[in-house]
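The next block holds one structure in the form of structure tokens; read it before the comments.
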Amino acid sequence: MLLANPPRFFWSLARHNQMIECPRKYAYQYYFSHHGWLSSSTELAKQAYRLKKIVTLPLLVGQAVKQAIRNYSFTTNTESIEEHMTAMRNFIDQELRRAYLQTRDHGDDWYHEPNVYTMMLEYYQKGYLADYEIQQTKTSIERCVTSFFRSKTFRELQSIDLIQILPQETFCSVELNSVKIFISLDLLYHKPTTNEYIIVNWQTGRKAST
């Protein structure tokens, strides 16, 4: 199937892995869903884009955790660690509740505007969230919050005054042979004492190693 005005080719490790896993899945994810948010698009593009925008609970947890970390100020820490942990848990809970209410109450709106509203896969499949899914989500949130405040990165940023946190948006992609390559980057900081640049990518689906 040929597409008129296909999107520009990009490369990332996630795209590469998806292509290796299933070329058809890759095509629907990045090409057949192109412009699916427009009312003038084909039904195939709309449906592919709609399904592409469905998100799982673990993915929503990861997004909320990463946003909570982005909101965290490493330079102002007048409150205790326990207070910061409670604030982070509350923020994540609020984000997930907002996503759940959109899923539960705005299914028709999501169908027509999947780029505006959230739809959870678990709810989409069976019309409710199972108790075990809710419990797994609570366990995941607690593990992620605890691991963040115990992480080597957190300890380092708290203990070294001269560290400079840099805007990672500038370093999220590079050009190589006219191909834009995206880099997974959640935090970038510089250690002047050793002249090191440290790249951090938070993994909310894995157990902490340190």
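Labels for the structure tokens follow display order: chains A, B, ..., residues from 1 in each chain, ligands from 1.
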
Proximity check region 111-188 of chain A to region 6-23 of chain A, 12 Å, nearest pairs one decimal Å, only C-alpha atoms, as JSON lines:
{"residue": "A:Cys172", "atom": "CA", "partner": "A:Ser12", "partner_atom": "CA", "distance": 10.6}
{"residue": "A:Ser173", "atom": "CA", "partner": "A:Ser12", "partner_atom": "CA", "distance": 9.1}
{"residue": "A:Val174", "atom": "CA", "partner": "A:Trp11", "partner_atom": "CA", "distance": 10.0}
{"residue": "A:Glu175", "atom": "CA", "partner": "A:Phe10", "partner_atom": "CA", "distance": 9.7}
{"residue": "A:Leu176", "atom": "CA", "partner": "A:Trp11", "partner_atom": "CA", "distance": 9.9}
{"residue": "A:Asn177", "atom": "CA", "partner": "A:Phe10", "partner_atom": "CA", "distance": 11.5}
{"residue": "A:Ser178", "atom": "CA", "partner": "A:Phe10", "partner_atom": "CA", "distance": 9.7}
{"residue": "A:Val179", "atom": "CA", "partner": "A:Phe10", "partner_atom": "CA", "distance": 6.2}
{"residue": "A:Lys180", "atom": "CA", "partner": "A:Phe10", "partner_atom": "CA", "distance": 5.2}
{"residue": "A:Ile181", "atom": "CA", "partner": "A:Trp11", "partner_atom": "CA", "distance": 4.8}
{"residue": "A:Phe182", "atom": "CA", "partner": "A:Ser12", "partner_atom": "CA", "distance": 5.1}
{"residue": "A:Ile183", "atom": "CA", "partner": "A:Ser12", "partner_atom": "CA", "distance": 6.6}
{"residue": "A:Ser184", "atom": "CA", "partner": "A:Ser12", "partner_atom": "CA", "distance": 8.3}
{"residue": "A:Leu185", "atom": "CA", "partner": "A:Ser12", "partner_atom": "CA", "distance": 11.8}

Residues at most 8 Å from region 66-74 of chain A, counting only C-alpha atoms, excluding those fewer than 4 positions away in the same chain, as JSON, numbers by chain? {"A": [62, 88, 91, 92, 157, 158, 186, 202]}

May I have the residues from that selection written out with all heavy atoms, as an mmCIF file, in the first residue's frame?
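The new file again.cif reads:
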data_model
loop_
_atom_site.group_PDB
_atom_site.id
_atom_site.type_symbol
_atom_site.label_atom_id
_atom_site.label_comp_id
_atom_site.auth_asym_id
_atom_site.auth_seq_id
_atom_site.Cartn_x
_atom_site.Cartn_y
_atom_site.Cartn_z
ATOM 1 N N GLY A 62 4.282 5.039 33.921
ATOM 2 C CA GLY A 62 5.594 5.525 33.507
ATOM 3 C C GLY A 62 5.578 6.982 33.118
ATOM 4 O O GLY A 62 6.468 7.761 33.493
ATOM 5 N N MET A 88 5.043 13.413 45.478
ATOM 6 C CA MET A 88 5.191 12.728 44.195
ATOM 7 C C MET A 88 4.114 11.671 44.023
ATOM 8 O O MET A 88 3.527 11.536 42.943
ATOM 9 C CB MET A 88 6.585 12.119 44.080
ATOM 10 C CG MET A 88 6.887 11.512 42.729
ATOM 11 S SD MET A 88 8.646 11.038 42.502
ATOM 12 C CE MET A 88 9.406 12.657 42.309
ATOM 13 N N PHE A 91 0.871 13.424 43.149
ATOM 14 C CA PHE A 91 0.845 13.904 41.760
ATOM 15 C C PHE A 91 0.556 12.755 40.797
ATOM 16 O O PHE A 91 -0.276 12.885 39.892
ATOM 17 C CB PHE A 91 2.188 14.553 41.408
ATOM 18 C CG PHE A 91 2.300 14.938 39.956
ATOM 19 C CD1 PHE A 91 1.781 16.142 39.504
ATOM 20 C CD2 PHE A 91 2.893 14.077 39.033
ATOM 21 C CE1 PHE A 91 1.864 16.498 38.158
ATOM 22 C CE2 PHE A 91 2.977 14.422 37.696
ATOM 23 C CZ PHE A 91 2.460 15.645 37.255
ATOM 24 N N ILE A 92 1.226 11.628 40.993
ATOM 25 C CA ILE A 92 1.021 10.468 40.115
ATOM 26 C C ILE A 92 -0.417 9.969 40.223
ATOM 27 O O ILE A 92 -1.062 9.655 39.216
ATOM 28 C CB ILE A 92 2.019 9.353 40.459
ATOM 29 C CG1 ILE A 92 3.452 9.829 40.190
ATOM 30 C CG2 ILE A 92 1.723 8.090 39.651
ATOM 31 C CD1 ILE A 92 4.524 8.922 40.758
ATOM 32 N N LEU A 157 22.923 14.074 42.594
ATOM 33 C CA LEU A 157 22.419 15.430 42.377
ATOM 34 C C LEU A 157 22.187 16.169 43.687
ATOM 35 O O LEU A 157 22.244 17.401 43.728
ATOM 36 C CB LEU A 157 21.128 15.373 41.557
ATOM 37 C CG LEU A 157 21.299 14.984 40.092
ATOM 38 C CD1 LEU A 157 19.950 14.765 39.426
ATOM 39 C CD2 LEU A 157 22.074 16.056 39.337
ATOM 40 N N GLN A 158 21.906 15.432 44.746
ATOM 41 C CA GLN A 158 21.681 16.062 46.041
ATOM 42 C C GLN A 158 22.983 16.395 46.763
ATOM 43 O O GLN A 158 23.015 17.295 47.598
ATOM 44 C CB GLN A 158 20.852 15.141 46.943
ATOM 45 C CG GLN A 158 19.433 14.922 46.469
ATOM 46 C CD GLN A 158 18.591 16.187 46.507
ATOM 47 O OE1 GLN A 158 18.332 16.796 45.484
ATOM 48 N NE2 GLN A 158 18.187 16.593 47.681
ATOM 49 N N ASP A 186 15.960 11.390 29.546
ATOM 50 C CA ASP A 186 15.060 11.972 30.545
ATOM 51 C C ASP A 186 15.729 13.047 31.373
ATOM 52 O O ASP A 186 15.063 13.938 31.905
ATOM 53 C CB ASP A 186 14.535 10.874 31.477
ATOM 54 C CG ASP A 186 13.596 9.915 30.759
ATOM 55 O OD1 ASP A 186 12.813 10.385 29.913
ATOM 56 O OD2 ASP A 186 13.654 8.710 31.028
ATOM 57 N N TRP A 202 15.087 7.117 32.767
ATOM 58 C CA TRP A 202 14.372 6.419 33.830
ATOM 59 C C TRP A 202 13.607 5.225 33.257
ATOM 60 O O TRP A 202 12.877 5.362 32.293
ATOM 61 C CB TRP A 202 13.400 7.365 34.528
ATOM 62 C CG TRP A 202 14.022 8.606 35.082
ATOM 63 C CD1 TRP A 202 13.855 9.872 34.619
ATOM 64 C CD2 TRP A 202 14.917 8.698 36.196
ATOM 65 N NE1 TRP A 202 14.599 10.751 35.373
ATOM 66 C CE2 TRP A 202 15.255 10.061 36.343
ATOM 67 C CE3 TRP A 202 15.454 7.759 37.074
ATOM 68 C CZ2 TRP A 202 16.118 10.502 37.344
ATOM 69 C CZ3 TRP A 202 16.312 8.203 38.076
ATOM 70 C CH2 TRP A 202 16.627 9.563 38.206
#

Enumerate the residues of region 122-151 of chain A with a DSSP assignment of alpha helix (DSSP H), computed from the backbone, and present them as a ChimeraX atom specification. /A:122-126,131-150

Pick from A:Ala45, A:Val145, A:Leu129, A:Leu57: nearest to Met85 (chain A), with only C-alpha atoms counted?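 Checking each of A:Ala45, A:Val145, A:Leu129, A:Leu57 against Met85 (chain A), counting only C-alpha atoms, the winner is A:Val145.
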
Filtered DSSP result for chain A, state strand (DSSP E), as a tab-separated table (two decimals) with N, CA and C atoms, in the first residue's frame:
chain	number	residue	atom	x	y	z
A	10	PHE	N	12.29	8.65	10.31
A	10	PHE	CA	13.10	8.88	11.50
A	10	PHE	C	13.62	7.53	11.99
A	11	TRP	N	14.67	7.59	12.83
A	11	TRP	CA	15.18	6.36	13.43
A	11	TRP	C	15.30	6.55	14.93
A	164	GLN	N	25.42	20.85	37.15
A	164	GLN	CA	24.52	21.68	36.35
A	164	GLN	C	23.56	20.80	35.57
A	165	ILE	N	22.26	20.96	35.81
A	165	ILE	CA	21.25	20.22	35.06
A	165	ILE	C	20.98	20.98	33.76
A	166	LEU	N	21.06	20.30	32.65
A	166	LEU	CA	20.96	20.93	31.34
A	166	LEU	C	19.61	20.63	30.69
A	173	SER	N	17.85	14.61	19.78
A	173	SER	CA	17.98	14.05	18.44
A	173	SER	C	19.26	14.56	17.78
A	174	VAL	N	19.75	13.79	16.82
A	174	VAL	CA	20.91	14.18	16.02
A	174	VAL	C	20.63	13.82	14.57
A	175	GLU	N	21.34	14.46	13.66
A	175	GLU	CA	21.22	14.17	12.23
A	175	GLU	C	22.42	13.34	11.78
A	176	LEU	N	22.15	12.25	11.08
A	176	LEU	CA	23.21	11.42	10.54
A	176	LEU	C	22.83	10.99	9.13
A	179	VAL	N	19.33	11.61	8.13
A	179	VAL	CA	18.30	10.90	8.89
A	179	VAL	C	18.30	11.43	10.32
A	180	LYS	N	17.12	11.81	10.81
A	180	LYS	CA	17.00	12.29	12.18
A	180	LYS	C	16.91	11.10	13.12
A	181	ILE	N	17.80	11.05	14.10
A	181	ILE	CA	17.86	9.95	15.05
A	181	ILE	C	17.45	10.47	16.42
A	182	PHE	N	16.41	9.87	17.00
A	182	PHE	CA	15.93	10.29	18.31
A	182	PHE	C	16.61	9.47	19.40
A	187	LEU	N	17.05	12.96	31.51
A	187	LEU	CA	17.78	13.94	32.32
A	187	LEU	C	19.21	14.02	31.83
A	188	LEU	N	19.74	15.23	31.79
A	188	LEU	CA	21.12	15.44	31.37
A	188	LEU	C	21.76	16.42	32.34
A	189	TYR	N	22.90	16.02	32.90
A	189	TYR	CA	23.58	16.96	33.79
A	189	TYR	C	25.09	16.88	33.61
A	190	HIS	N	25.75	17.97	34.03
A	190	HIS	CA	27.19	18.12	33.83
A	190	HIS	C	27.89	18.17	35.18
A	191	LYS	N	29.00	17.41	35.31
A	191	LYS	CA	29.82	17.42	36.52
A	191	LYS	C	31.11	18.17	36.21
A	196	GLU	N	32.28	15.58	33.11
A	196	GLU	CA	31.45	14.50	32.58
A	196	GLU	C	30.04	14.99	32.31
A	197	TYR	N	29.44	14.49	31.22
A	197	TYR	CA	28.04	14.72	30.93
A	197	TYR	C	27.30	13.40	31.16
A	198	ILE	N	26.33	13.42	32.04
A	198	ILE	CA	25.64	12.20	32.44
A	198	ILE	C	24.24	12.19	31.82
A	199	ILE	N	23.94	11.14	31.06
A	199	ILE	CA	22.61	10.96	30.46
A	199	ILE	C	21.83	9.96	31.31
A	200	VAL	N	20.61	10.33	31.67
A	200	VAL	CA	19.76	9.47	32.49
A	200	VAL	C	18.49	9.13	31.73

Residues within 10 Å of Thr56 (chain A), only C-alpha atoms, excluding chain neighbours under 3 positions, as a PyMOL selection string: chain A and resi 53+59-62+119-124

Let me see the file: selected residues, C-alpha atoms, as a PDB file, in the first residue's frame.
ATOM      1  CA  LYS A  53      -3.375   6.188  20.920  1.00  0.00           C
ATOM      2  CA  LEU A  59       2.610   3.107  30.292  1.00  0.00           C
ATOM      3  CA  LEU A  60       0.435   5.699  32.038  1.00  0.00           C
ATOM      4  CA  VAL A  61       2.277   5.031  35.293  1.00  0.00           C
ATOM      5  CA  GLY A  62       5.594   5.525  33.507  1.00  0.00           C
ATOM      6  CA  MET A 119      -8.271   5.683  26.556  1.00  0.00           C
ATOM      7  CA  MET A 120      -6.847   2.900  28.746  1.00  0.00           C
ATOM      8  CA  LEU A 121      -6.366  -0.445  27.030  1.00  0.00           C
ATOM      9  CA  GLU A 122      -7.534  -2.418  30.064  1.00  0.00           C
ATOM     10  CA  TYR A 123     -10.804  -0.459  30.215  1.00  0.00           C
ATOM     11  CA  TYR A 124     -11.218  -0.518  26.432  1.00  0.00           C
TER      12      TYR A 124
END

I'd like the neighbourhood of Thr103 (chain A) as number ranges by chain, where a residue qualifies if any of its atoms comes within 7 Å (using only C-alpha atoms), though same-chain residues fewer than 3 positions away should be ignored. A: 99-100, 106-107, 118-120

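Taking CA of Trp37 (chain A) as the reference point, CA of Trp110 (chain A) is found at 10.9 Å.
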
So which residues touch Ile141 (chain A) within 8 Å, counting only C-alpha atoms, skipping near sequence neighbours fewer than 2 positions away, as a CSV table (one decimal) with C-alpha atoms, in the first residue's frame?
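Now in selection12.csv:
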chain,number,residue,atom,x,y,z
A,61,VAL,CA,2.3,5.0,35.3
A,65,VAL,CA,6.3,9.1,37.1
A,89,ARG,CA,2.8,9.9,45.0
A,92,ILE,CA,1.0,10.5,40.1
A,137,THR,CA,-0.6,-0.1,39.7
A,138,LYS,CA,-0.4,0.9,43.3
A,139,THR,CA,2.6,-1.4,43.8
A,143,ARG,CA,8.3,1.0,43.8
A,144,CYS,CA,9.0,3.7,41.3
A,145,VAL,CA,8.8,6.6,43.9

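Within 10 Å of Glu82 (chain A), once only C-alpha atoms are used and residues closer than 5 positions along the same chain are dropped, the contacting residues are Ala87, Met88, Thr146 and Phe149 of chain A.
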
As an exercise, work out the distance from CA of Thr153 (chain A) to CA of Pro58 (chain A) in Å and give it to one decimal place.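 Separation of CA of Thr153 (chain A) and CA of Pro58 (chain A): 22.7 Å.
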